[in-house]
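Asker: Following this line is entry.cif, made up of mmCIF, C-alpha atoms:
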data_data
#
loop_
_atom_site.label_atom_id
_atom_site.label_comp_id
_atom_site.auth_asym_id
_atom_site.auth_seq_id
_atom_site.Cartn_x
_atom_site.Cartn_y
_atom_site.Cartn_z
CA MET A 1 -8.94 -23.56 -1.78
CA PHE A 2 -9.58 -19.85 -1.32
CA GLU A 3 -12.65 -19.61 -3.56
CA PRO A 4 -15.37 -20.54 -0.99
CA TYR A 5 -13.98 -18.07 1.54
CA LEU A 6 -13.80 -15.29 -1.01
CA GLN A 7 -17.37 -16.07 -2.01
CA LYS A 8 -18.50 -15.75 1.61
CA MET A 9 -16.71 -12.43 2.02
CA PHE A 10 -18.15 -11.08 -1.21
CA ASP A 11 -21.68 -12.19 -0.34
CA SER A 12 -21.52 -10.72 3.17
CA THR A 13 -19.98 -7.47 1.89
CA LYS A 14 -22.71 -7.02 -0.70
CA ARG A 15 -25.36 -7.80 1.92
CA MET A 16 -23.80 -5.28 4.29
CA ALA A 17 -23.80 -2.64 1.55
CA LEU A 18 -27.53 -3.14 1.07
CA TYR A 19 -28.11 -2.83 4.82
CA MET A 20 -26.14 0.44 4.82
CA GLU A 21 -27.80 1.95 1.73
CA PRO A 22 -30.87 -0.10 0.69
CA ASP A 23 -31.70 2.18 -2.24
CA LYS A 24 -28.15 2.53 -3.49
CA ARG A 25 -26.14 0.42 -5.90
CA PRO A 26 -24.00 -1.82 -3.62
CA TYR A 27 -20.75 -1.07 -5.42
CA ASP A 28 -21.36 2.67 -5.10
CA THR A 29 -21.73 2.14 -1.35
CA MET A 30 -18.37 0.37 -1.21
CA LEU A 31 -16.61 3.03 -3.31
CA ASP A 32 -18.04 5.72 -1.05
CA ASN A 33 -16.70 3.78 1.93
CA PHE A 34 -13.13 4.50 0.80
CA GLU A 35 -13.61 7.82 -1.02
CA ARG A 36 -16.61 9.82 0.16
CA GLY A 37 -18.88 10.73 -2.74
CA LEU A 38 -17.18 8.47 -5.28
CA THR A 39 -19.51 6.55 -7.63
CA ALA A 40 -19.07 3.93 -10.31
CA SER A 41 -20.25 6.39 -12.96
CA ALA A 42 -17.49 8.83 -11.97
CA CYS A 43 -14.95 5.98 -11.98
CA ASP A 44 -16.20 4.82 -15.37
CA ALA A 45 -15.52 8.25 -16.88
CA PHE A 46 -12.13 8.48 -15.16
CA PHE A 47 -10.95 5.00 -16.15
CA ASP A 48 -12.39 5.28 -19.66
CA THR A 49 -10.16 8.30 -20.24
CA LEU A 50 -7.16 6.48 -18.80
CA LYS A 51 -7.82 3.38 -20.88
CA LYS A 52 -8.14 5.31 -24.14
CA ARG A 53 -4.86 7.10 -23.53
CA LEU A 54 -2.75 4.59 -21.64
CA VAL A 55 -3.30 1.37 -23.59
CA PRO A 56 -2.17 2.80 -26.99
CA LEU A 57 0.69 4.66 -25.29
CA MET A 58 1.79 1.51 -23.50
CA HIS A 59 1.89 -0.48 -26.75
CA LYS A 60 3.85 2.31 -28.43
CA VAL A 61 6.38 2.39 -25.59
CA VAL A 62 6.73 -1.40 -25.53
CA GLU A 63 7.68 -1.38 -29.21
CA HIS A 64 10.78 0.60 -28.22
CA GLY A 65 11.42 -1.02 -24.86
CA ASP A 66 14.84 -2.22 -25.93
CA ARG A 67 16.04 1.38 -25.96
CA VAL A 68 16.10 1.43 -22.16
CA ASN A 69 18.77 -0.55 -20.38
CA ASP A 70 17.68 -1.74 -16.95
CA ALA A 71 20.80 -3.86 -16.38
CA PRO A 72 21.80 -1.68 -13.39
CA LEU A 73 18.80 -3.12 -11.54
CA ARG A 74 19.19 -6.74 -12.64
CA GLN A 75 22.16 -7.89 -10.60
CA SER A 76 22.73 -9.43 -7.18
CA PHE A 77 22.28 -6.98 -4.32
CA PRO A 78 22.92 -8.16 -0.74
CA ILE A 79 19.85 -7.87 1.46
CA ALA A 80 21.89 -6.29 4.26
CA LYS A 81 22.88 -3.45 1.91
CA GLN A 82 19.28 -3.05 0.78
CA LYS A 83 18.27 -2.59 4.40
CA GLU A 84 20.86 0.17 4.72
CA LEU A 85 19.32 1.80 1.66
CA SER A 86 15.86 1.60 3.25
CA SER A 87 17.10 3.40 6.36
CA TYR A 88 18.82 6.04 4.24
CA LEU A 89 15.66 6.66 2.19
CA MET A 90 13.53 7.12 5.30
CA ASP A 91 15.97 9.76 6.51
CA VAL A 92 16.04 11.52 3.14
CA MET A 93 12.24 11.64 3.11
CA GLY A 94 12.20 13.25 6.53
CA ILE A 95 10.32 10.45 8.28
CA ASP A 96 10.24 10.73 12.07
CA ARG A 97 12.15 7.60 13.06
CA ASP A 98 11.11 7.98 16.70
CA HIS A 99 7.49 7.40 15.71
CA CYS A 100 7.80 5.23 12.60
CA ILE A 101 9.52 1.86 12.23
CA LEU A 102 10.18 -0.38 9.23
CA GLY A 103 9.47 -4.12 9.12
CA GLU A 104 9.36 -6.88 6.50
CA THR A 105 6.37 -8.63 4.94
CA GLU A 106 5.36 -10.42 1.76
CA HIS A 107 3.05 -7.58 0.69
CA PRO A 108 4.23 -4.08 1.74
CA PHE A 109 1.74 -2.00 3.75
CA THR A 110 1.44 0.78 6.32
CA THR A 111 -0.50 0.74 9.55
CA GLY A 112 -0.93 3.66 11.91
CA PHE A 113 -2.37 3.57 15.41
CA THR A 114 -1.81 7.26 16.19
CA LYS A 115 0.48 9.91 14.74
CA TYR A 116 2.99 8.75 17.35
CA ASP A 117 2.97 5.08 16.29
CA VAL A 118 3.14 4.36 12.56
CA ARG A 119 4.63 1.20 11.06
CA ILE A 120 5.65 0.57 7.46
CA THR A 121 6.86 -2.60 5.77
CA THR A 122 8.77 -3.70 2.69
CA HIS A 123 10.11 -6.87 1.13
CA TYR A 124 13.55 -7.57 -0.31
CA LEU A 125 14.42 -9.26 -3.61
CA GLU A 126 18.10 -10.04 -3.95
CA ASP A 127 18.04 -9.56 -7.72
CA ASN A 128 16.14 -6.26 -7.73
CA PHE A 129 16.79 -3.60 -5.08
CA ALA A 130 14.33 -1.24 -6.81
CA SER A 131 11.49 -3.38 -5.49
CA SER A 132 12.23 -2.64 -1.84
CA MET A 133 13.42 0.87 -2.65
CA TYR A 134 10.11 1.98 -4.10
CA SER A 135 8.10 0.05 -1.53
CA VAL A 136 9.84 2.03 1.21
CA ILE A 137 9.27 5.32 -0.63
CA HIS A 138 5.61 4.46 -1.28
CA GLU A 139 4.87 3.37 2.28
CA GLY A 140 6.97 6.25 3.53
CA GLY A 141 4.55 8.63 1.83
CA HIS A 142 1.73 7.07 3.83
CA ALA A 143 3.82 7.40 6.99
CA LEU A 144 4.49 11.08 6.44
CA TYR A 145 0.75 11.71 6.16
CA ASP A 146 -0.01 9.59 9.21
CA THR A 147 2.58 11.28 11.44
CA HIS A 148 1.66 14.88 10.64
CA PRO A 149 -1.99 15.61 11.58
CA MET A 150 -2.20 18.51 14.04
CA ASP A 151 -1.66 17.40 17.63
CA LYS A 152 -5.20 18.19 18.78
CA LEU A 153 -6.55 15.56 16.36
CA ALA A 154 -4.40 12.77 17.85
CA TYR A 155 -6.34 9.98 19.58
CA THR A 156 -9.57 11.05 17.85
CA VAL A 157 -11.39 9.64 14.83
CA LEU A 158 -10.01 12.61 12.87
CA GLY A 159 -6.40 11.72 13.61
CA GLY A 160 -5.91 9.58 10.49
CA GLY A 161 -6.10 10.30 6.78
CA VAL A 162 -9.41 11.45 5.36
CA SER A 163 -9.69 8.86 2.56
CA MET A 164 -7.75 6.20 0.75
CA GLY A 165 -7.61 8.38 -2.38
CA ILE A 166 -5.91 11.19 -0.46
CA HIS A 167 -3.70 8.67 1.34
CA GLU A 168 -2.64 7.06 -1.91
CA SER A 169 -1.97 10.50 -3.37
CA GLN A 170 0.79 10.87 -0.81
CA SER A 171 2.33 7.44 -1.34
CA ARG A 172 2.14 7.68 -5.13
CA PHE A 173 3.43 11.27 -5.01
CA PHE A 174 6.62 10.20 -3.27
CA GLU A 175 6.98 6.93 -5.15
CA ASN A 176 6.63 8.37 -8.65
CA ILE A 177 6.67 12.16 -8.80
CA ILE A 178 9.53 12.47 -6.32
CA GLY A 179 11.16 9.03 -6.33
CA ARG A 180 11.42 8.59 -10.10
CA SER A 181 12.46 12.16 -10.90
CA ARG A 182 15.86 13.01 -12.33
CA SER A 183 16.62 15.22 -9.35
CA PHE A 184 15.90 12.46 -6.82
CA ILE A 185 17.89 9.83 -8.69
CA ARG A 186 20.78 12.27 -8.93
CA LEU A 187 20.49 12.88 -5.19
CA ILE A 188 20.63 9.23 -4.15
CA ALA A 189 23.05 8.01 -6.85
CA PRO A 190 26.17 8.40 -4.65
CA LYS A 191 24.53 6.26 -1.95
CA LEU A 192 23.54 3.64 -4.53
CA HIS A 193 27.11 3.48 -5.79
CA GLU A 194 28.41 3.17 -2.23
CA LEU A 195 26.05 0.33 -1.30
CA PHE A 196 26.00 -1.40 -4.69
CA PRO A 197 29.36 -0.90 -6.44
CA GLU A 198 27.97 -2.65 -9.53
CA THR A 199 25.90 0.46 -10.27
CA ALA A 200 28.95 2.72 -10.35
CA ALA A 201 29.43 1.82 -14.03
CA TYR A 202 26.24 3.73 -14.82
CA ASP A 203 25.83 7.50 -14.65
CA ASP A 204 22.85 9.33 -13.18
CA GLU A 205 21.00 9.51 -16.49
CA ALA A 206 21.37 5.77 -17.09
CA LEU A 207 20.02 5.06 -13.61
CA TYR A 208 17.13 7.48 -14.20
CA HIS A 209 16.14 5.63 -17.38
CA ALA A 210 16.50 2.25 -15.70
CA PHE A 211 14.20 3.26 -12.83
CA ASN A 212 11.65 4.62 -15.30
CA ARG A 213 11.54 1.80 -17.80
CA ALA A 214 7.94 1.00 -18.76
CA GLU A 215 7.12 -2.65 -19.36
CA PRO A 216 3.90 -4.65 -18.88
CA SER A 217 4.17 -7.02 -15.92
CA LEU A 218 2.17 -9.35 -13.73
CA ILE A 219 2.50 -7.84 -10.26
CA ARG A 220 0.76 -4.57 -9.37
CA THR A 221 3.18 -3.48 -6.64
CA GLU A 222 6.12 -3.93 -9.03
CA ALA A 223 4.48 -2.05 -11.93
CA ASP A 224 6.01 1.04 -13.51
CA GLU A 225 4.33 4.44 -13.49
CA LEU A 226 2.84 4.06 -16.98
CA THR A 227 1.26 0.61 -16.63
CA TYR A 228 0.28 0.78 -12.95
CA CYS A 229 -3.17 2.26 -13.50
CA LEU A 230 -4.01 -0.56 -15.92
CA HIS A 231 -3.54 -3.00 -13.04
CA ILE A 232 -6.06 -0.91 -11.10
CA LEU A 233 -8.44 -0.71 -14.06
CA ILE A 234 -8.55 -4.51 -14.25
CA ARG A 235 -9.41 -4.85 -10.57
CA TYR A 236 -12.03 -2.11 -10.82
CA GLU A 237 -13.80 -3.74 -13.76
CA LEU A 238 -13.79 -7.15 -12.04
CA GLU A 239 -15.15 -5.74 -8.78
CA GLN A 240 -17.93 -3.93 -10.58
CA GLN A 241 -18.89 -7.07 -12.52
CA LEU A 242 -18.97 -9.06 -9.27
CA PHE A 243 -21.27 -6.59 -7.56
CA ASP A 244 -23.51 -6.27 -10.62
CA GLY A 245 -23.91 -10.05 -10.85
CA LYS A 246 -22.17 -10.27 -14.22
CA LEU A 247 -19.31 -12.35 -12.83
CA THR A 248 -19.06 -15.08 -10.22
CA VAL A 249 -16.16 -15.68 -7.86
CA GLN A 250 -15.59 -19.01 -9.60
CA GLU A 251 -15.13 -17.17 -12.91
CA LEU A 252 -12.79 -14.58 -11.40
CA PRO A 253 -9.41 -16.20 -12.26
CA ALA A 254 -10.29 -16.69 -15.93
CA ALA A 255 -11.66 -13.15 -16.19
CA TRP A 256 -8.52 -11.79 -14.53
CA ASN A 257 -6.27 -13.64 -16.97
CA ARG A 258 -8.32 -12.45 -19.95
CA LEU A 259 -8.07 -8.77 -18.97
CA TYR A 260 -4.34 -9.01 -18.29
CA LYS A 261 -3.91 -10.30 -21.82
CA GLU A 262 -6.23 -7.66 -23.30
CA TYR A 263 -4.88 -4.60 -21.48
CA LEU A 264 -1.28 -5.51 -20.67
CA ASP A 265 -0.63 -8.23 -23.25
CA VAL A 266 0.84 -10.58 -20.64
CA ASP A 267 -0.01 -14.21 -19.98
CA VAL A 268 -0.71 -15.12 -16.36
CA PRO A 269 1.13 -18.37 -15.50
CA SER A 270 -0.58 -19.05 -12.18
CA ASP A 271 -3.17 -17.67 -9.77
CA ARG A 272 -0.35 -16.91 -7.33
CA GLU A 273 0.99 -14.35 -9.81
CA GLY A 274 -2.53 -13.42 -10.83
CA VAL A 275 -5.77 -13.15 -8.94
CA LEU A 276 -4.27 -14.10 -5.53
CA GLN A 277 -1.49 -11.50 -5.49
CA ASP A 278 -3.25 -8.77 -3.48
CA THR A 279 -4.45 -8.81 0.11
CA HIS A 280 -7.39 -6.46 -0.44
CA TRP A 281 -10.04 -9.01 -1.40
CA ALA A 282 -8.80 -11.33 1.34
CA ASP A 283 -9.67 -8.45 3.70
CA ALA A 284 -13.03 -7.86 1.94
CA LEU A 285 -11.80 -4.39 0.94
CA PHE A 286 -13.98 -4.22 -2.15
CA GLY A 287 -13.97 -0.68 -3.59
CA TYR A 288 -10.46 0.16 -2.34
CA PHE A 289 -8.48 -0.30 -5.57
CA PRO A 290 -9.70 2.81 -7.48
CA SER A 291 -8.10 4.90 -4.71
CA TYR A 292 -4.65 4.12 -6.13
CA ALA A 293 -5.45 5.59 -9.54
CA LEU A 294 -7.30 8.55 -8.03
CA GLY A 295 -4.34 9.16 -5.76
CA SER A 296 -1.99 9.32 -8.74
CA ALA A 297 -4.24 11.98 -10.31
CA TYR A 298 -4.53 13.94 -7.06
CA GLY A 299 -0.75 13.92 -6.69
CA ALA A 300 -0.26 15.38 -10.16
CA HIS A 301 -2.61 18.25 -9.25
CA MET A 302 -0.75 18.84 -6.00
CA LEU A 303 2.57 19.05 -7.80
CA HIS A 304 1.14 21.61 -10.21
CA VAL A 305 0.08 23.90 -7.37
CA MET A 306 3.17 23.21 -5.28
CA ARG A 307 5.48 24.33 -8.08
CA GLN A 308 3.94 27.82 -7.95
CA THR A 309 5.57 28.46 -4.58
CA VAL A 310 8.14 25.66 -4.11
CA ASP A 311 11.23 24.97 -6.22
CA VAL A 312 10.82 21.20 -6.09
CA ASP A 313 13.93 20.39 -8.11
CA ALA A 314 16.12 22.70 -6.04
CA ALA A 315 14.87 21.06 -2.84
CA LEU A 316 15.73 17.63 -4.19
CA ALA A 317 19.12 18.79 -5.46
CA SER A 318 19.98 20.08 -2.00
CA GLY A 319 18.84 16.86 -0.33
CA ASP A 320 16.49 18.87 1.88
CA LEU A 321 12.89 17.84 1.23
CA SER A 322 11.49 20.09 3.96
CA PRO A 323 10.03 22.67 1.50
CA ILE A 324 8.10 19.85 -0.21
CA ASN A 325 7.02 18.27 3.06
CA GLY A 326 6.16 21.68 4.46
CA TRP A 327 3.78 22.42 1.59
CA LEU A 328 2.10 19.03 1.94
CA CYS A 329 1.80 19.44 5.70
CA GLU A 330 0.27 22.91 5.33
CA HIS A 331 -2.25 21.89 2.68
CA ILE A 332 -2.92 18.17 3.32
CA TRP A 333 -1.29 16.40 6.26
CA GLN A 334 -2.16 18.64 9.19
CA TYR A 335 -5.90 18.31 8.62
CA GLY A 336 -6.01 14.54 9.08
CA GLY A 337 -9.63 13.51 8.62
CA LEU A 338 -11.06 16.96 9.38
CA TYR A 339 -12.30 17.72 5.85
CA GLU A 340 -13.98 15.61 3.20
CA PRO A 341 -11.69 14.81 0.22
CA GLU A 342 -13.45 17.25 -2.11
CA THR A 343 -13.22 20.06 0.43
CA LEU A 344 -9.60 19.31 1.23
CA LEU A 345 -8.66 19.33 -2.44
CA SER A 346 -10.52 22.55 -3.09
CA LEU A 347 -8.66 24.18 -0.19
CA SER A 348 -5.24 22.97 -1.31
CA LEU A 349 -5.71 23.41 -5.06
CA ILE A 350 -7.61 26.68 -5.04
CA HIS A 351 -4.55 28.56 -6.23
CA ILE A 352 -4.33 26.69 -9.55
CA SER A 353 -3.73 29.38 -12.15
CA GLU A 354 -4.24 27.24 -15.24
CA PRO A 355 -5.97 23.92 -16.13
#
Mind turning the file's structure into structure tokens?
Answerer:
Amino acid sequence: MFEPYLQKMFDSTKRMALYMEPDKRPYDTMLDNFERGLTASACDAFFDTLKKRLVPLMHKVVEHGDRVNDAPLRQSFPIAKQKELSSYLMDVMGIDRDHCILGETEHPFTTGFTKYDVRITTHYLEDNFASSMYSVIHEGGHALYDTHPMDKLAYTVLGGGVSMGIHESQSRFFENIIGRSRSFIRLIAPKLHELFPETAAYDDEALYHAFNRAEPSLIRTEADELTYCLHILIRYELEQQLFDGKLTVQELPAAWNRLYKEYLDVDVPSDREGVLQDTHWADALFGYFPSYALGSAYGAHMLHVMRQTVDVDAALASGDLSPINGWLCEHIWQYGGLYEPETLLSLSLIHISEP
């Protein structure tokens, strides 16, 4: 049912790209639309490195997957209690609740109108509170970026984030680097035990391992830190083949299923859990997906520099994330869309003392 509409969106997007840059490869134009200066050749090198390292590592980890017990996350958790957890997490992250609200949706997202009106969403699964927990933390990272540009940029075209790669660096930073760290799990463990007494049987270390279990899966937004970029790699390769005329929209589901088997070794039971799971293509956002993987890499660089002046673990242990947020505001958030991504990164990462 969706195929003819997707075909129309793809055709019109490719045509628009050629209007914008007649002498440029259409997919490069779309990548540049979300991350200024990004090209398919740069993405190829980036993803080739990831693929060579991540796929063998993933298979090695999967062989020992039974060593990690994720039973603490596989119980029944009342939705009302999960909503309390969401509110608690927003407070821990330092999100301005006067200018950011939380709603529910099938596919979590963030939308910001100005720094004074930002809205994030999550969804709740009764048998897995980690799903909503990390959606809130991820979207909360976007919200922190959106609510902190300097005041004089508000209500201008520079009042939002500079690129999707930088934006995703903030959401992925909080979701993985902060949210899956030992220090953060130790911080929130008492609240988890209070809201979900079933978890009280597990100590902080057991919860940390449960939250960090790596296992190939079908759904991108539910993926663990190790396998997530493989979900992005699949979408990137399919988009590039579409724009290069090597793949048709009609062939997309079969190609999707083949790559999920090849890279993640999972069988896709239906298009609902496969090619139809994301909203991006339905919005004609071709070229967006690589931003997630780039953002993960950007966030790792930011942590490296941040640690030179901020005791990240001590901040998390105290429950006061203001030193972390303060560094990000000083180097990233306050500038909104003022600088190009490359310039912004060079300004914030210039103090790197080692590779």
Asker: Specify as an MDAnalysis selection string each residue included when the PyMOL selection byres ((chain A and resi 65) around 12) is applied to this file.
Answerer: chainID A and resid 58:64 66:70 209:210 212:216
Asker: Carefully work through the PyMOL selection byres ((chain A and resi 264-271) around 10) for this structure and note down the residues it includes, as a PDB file with C-alpha atoms, keeping the file's coordinate frame.
Answerer:
ATOM      1  CA  VAL A  55      -3.300   1.370 -23.590  1.00  0.00           C
ATOM      2  CA  MET A  58       1.790   1.510 -23.500  1.00  0.00           C
ATOM      3  CA  HIS A  59       1.890  -0.480 -26.750  1.00  0.00           C
ATOM      4  CA  GLU A 215       7.120  -2.650 -19.360  1.00  0.00           C
ATOM      5  CA  PRO A 216       3.900  -4.650 -18.880  1.00  0.00           C
ATOM      6  CA  SER A 217       4.170  -7.020 -15.920  1.00  0.00           C
ATOM      7  CA  LEU A 218       2.170  -9.350 -13.730  1.00  0.00           C
ATOM      8  CA  THR A 227       1.260   0.610 -16.630  1.00  0.00           C
ATOM      9  CA  LEU A 230      -4.010  -0.560 -15.920  1.00  0.00           C
ATOM     10  CA  HIS A 231      -3.540  -3.000 -13.040  1.00  0.00           C
ATOM     11  CA  ILE A 234      -8.550  -4.510 -14.250  1.00  0.00           C
ATOM     12  CA  PRO A 253      -9.410 -16.200 -12.260  1.00  0.00           C
ATOM     13  CA  ALA A 254     -10.290 -16.690 -15.930  1.00  0.00           C
ATOM     14  CA  TRP A 256      -8.520 -11.790 -14.530  1.00  0.00           C
ATOM     15  CA  ASN A 257      -6.270 -13.640 -16.970  1.00  0.00           C
ATOM     16  CA  ARG A 258      -8.320 -12.450 -19.950  1.00  0.00           C
ATOM     17  CA  LEU A 259      -8.070  -8.770 -18.970  1.00  0.00           C
ATOM     18  CA  TYR A 260      -4.340  -9.010 -18.290  1.00  0.00           C
ATOM     19  CA  LYS A 261      -3.910 -10.300 -21.820  1.00  0.00           C
ATOM     20  CA  GLU A 262      -6.230  -7.660 -23.300  1.00  0.00           C
ATOM     21  CA  TYR A 263      -4.880  -4.600 -21.480  1.00  0.00           C
ATOM     22  CA  ARG A 272      -0.350 -16.910  -7.330  1.00  0.00           C
ATOM     23  CA  GLU A 273       0.990 -14.350  -9.810  1.00  0.00           C
ATOM     24  CA  GLY A 274      -2.530 -13.420 -10.830  1.00  0.00           C
ATOM     25  CA  VAL A 275      -5.770 -13.150  -8.940  1.00  0.00           C
ATOM     26  CA  LEU A 276      -4.270 -14.100  -5.530  1.00  0.00           C
ATOM     27  CA  GLN A 277      -1.490 -11.500  -5.490  1.00  0.00           C
TER      28      GLN A 277
END
Asker: Quick one: distance from CA of Asp127 (chain A) to CA of Asp204 (chain A) in Å, one decimal?
Answerer: 20.2 Å
Asker: What's the 9 Å shell around Leu6 (chain A), counting all atoms listed in the file, without same-chain residues fewer than 3 positions away, as a list of chain:residue names?
Answerer: A:Phe2, A:Glu3, A:Met9, A:Phe10, A:Asp11, A:Val249, A:Trp281, A:Ala282, A:Ala284
Asker: Have a look at CA of Ser87 (chain A) and CA of Glu104 (chain A) and let me know their distance in Å, one decimal.
Answerer: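 Taking CA of Ser87 (chain A) as the start and CA of Glu104 (chain A) as the end point, the length is 12.9 Å.
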Asker: Which residues come within 9 Å of Pro78 (chain A), counting only C-alpha atoms, excluding same-chain residues fewer than 6 positions away, as a tab-separated table (two decimals) with C-alpha atoms, in the coordinates of the input?
Answerer:
chain	number	residue	atom	x	y	z
A	126	GLU	CA	18.10	-10.04	-3.95
A	127	ASP	CA	18.04	-9.56	-7.72
A	129	PHE	CA	16.79	-3.60	-5.08
A	196	PHE	CA	26.00	-1.40	-4.69
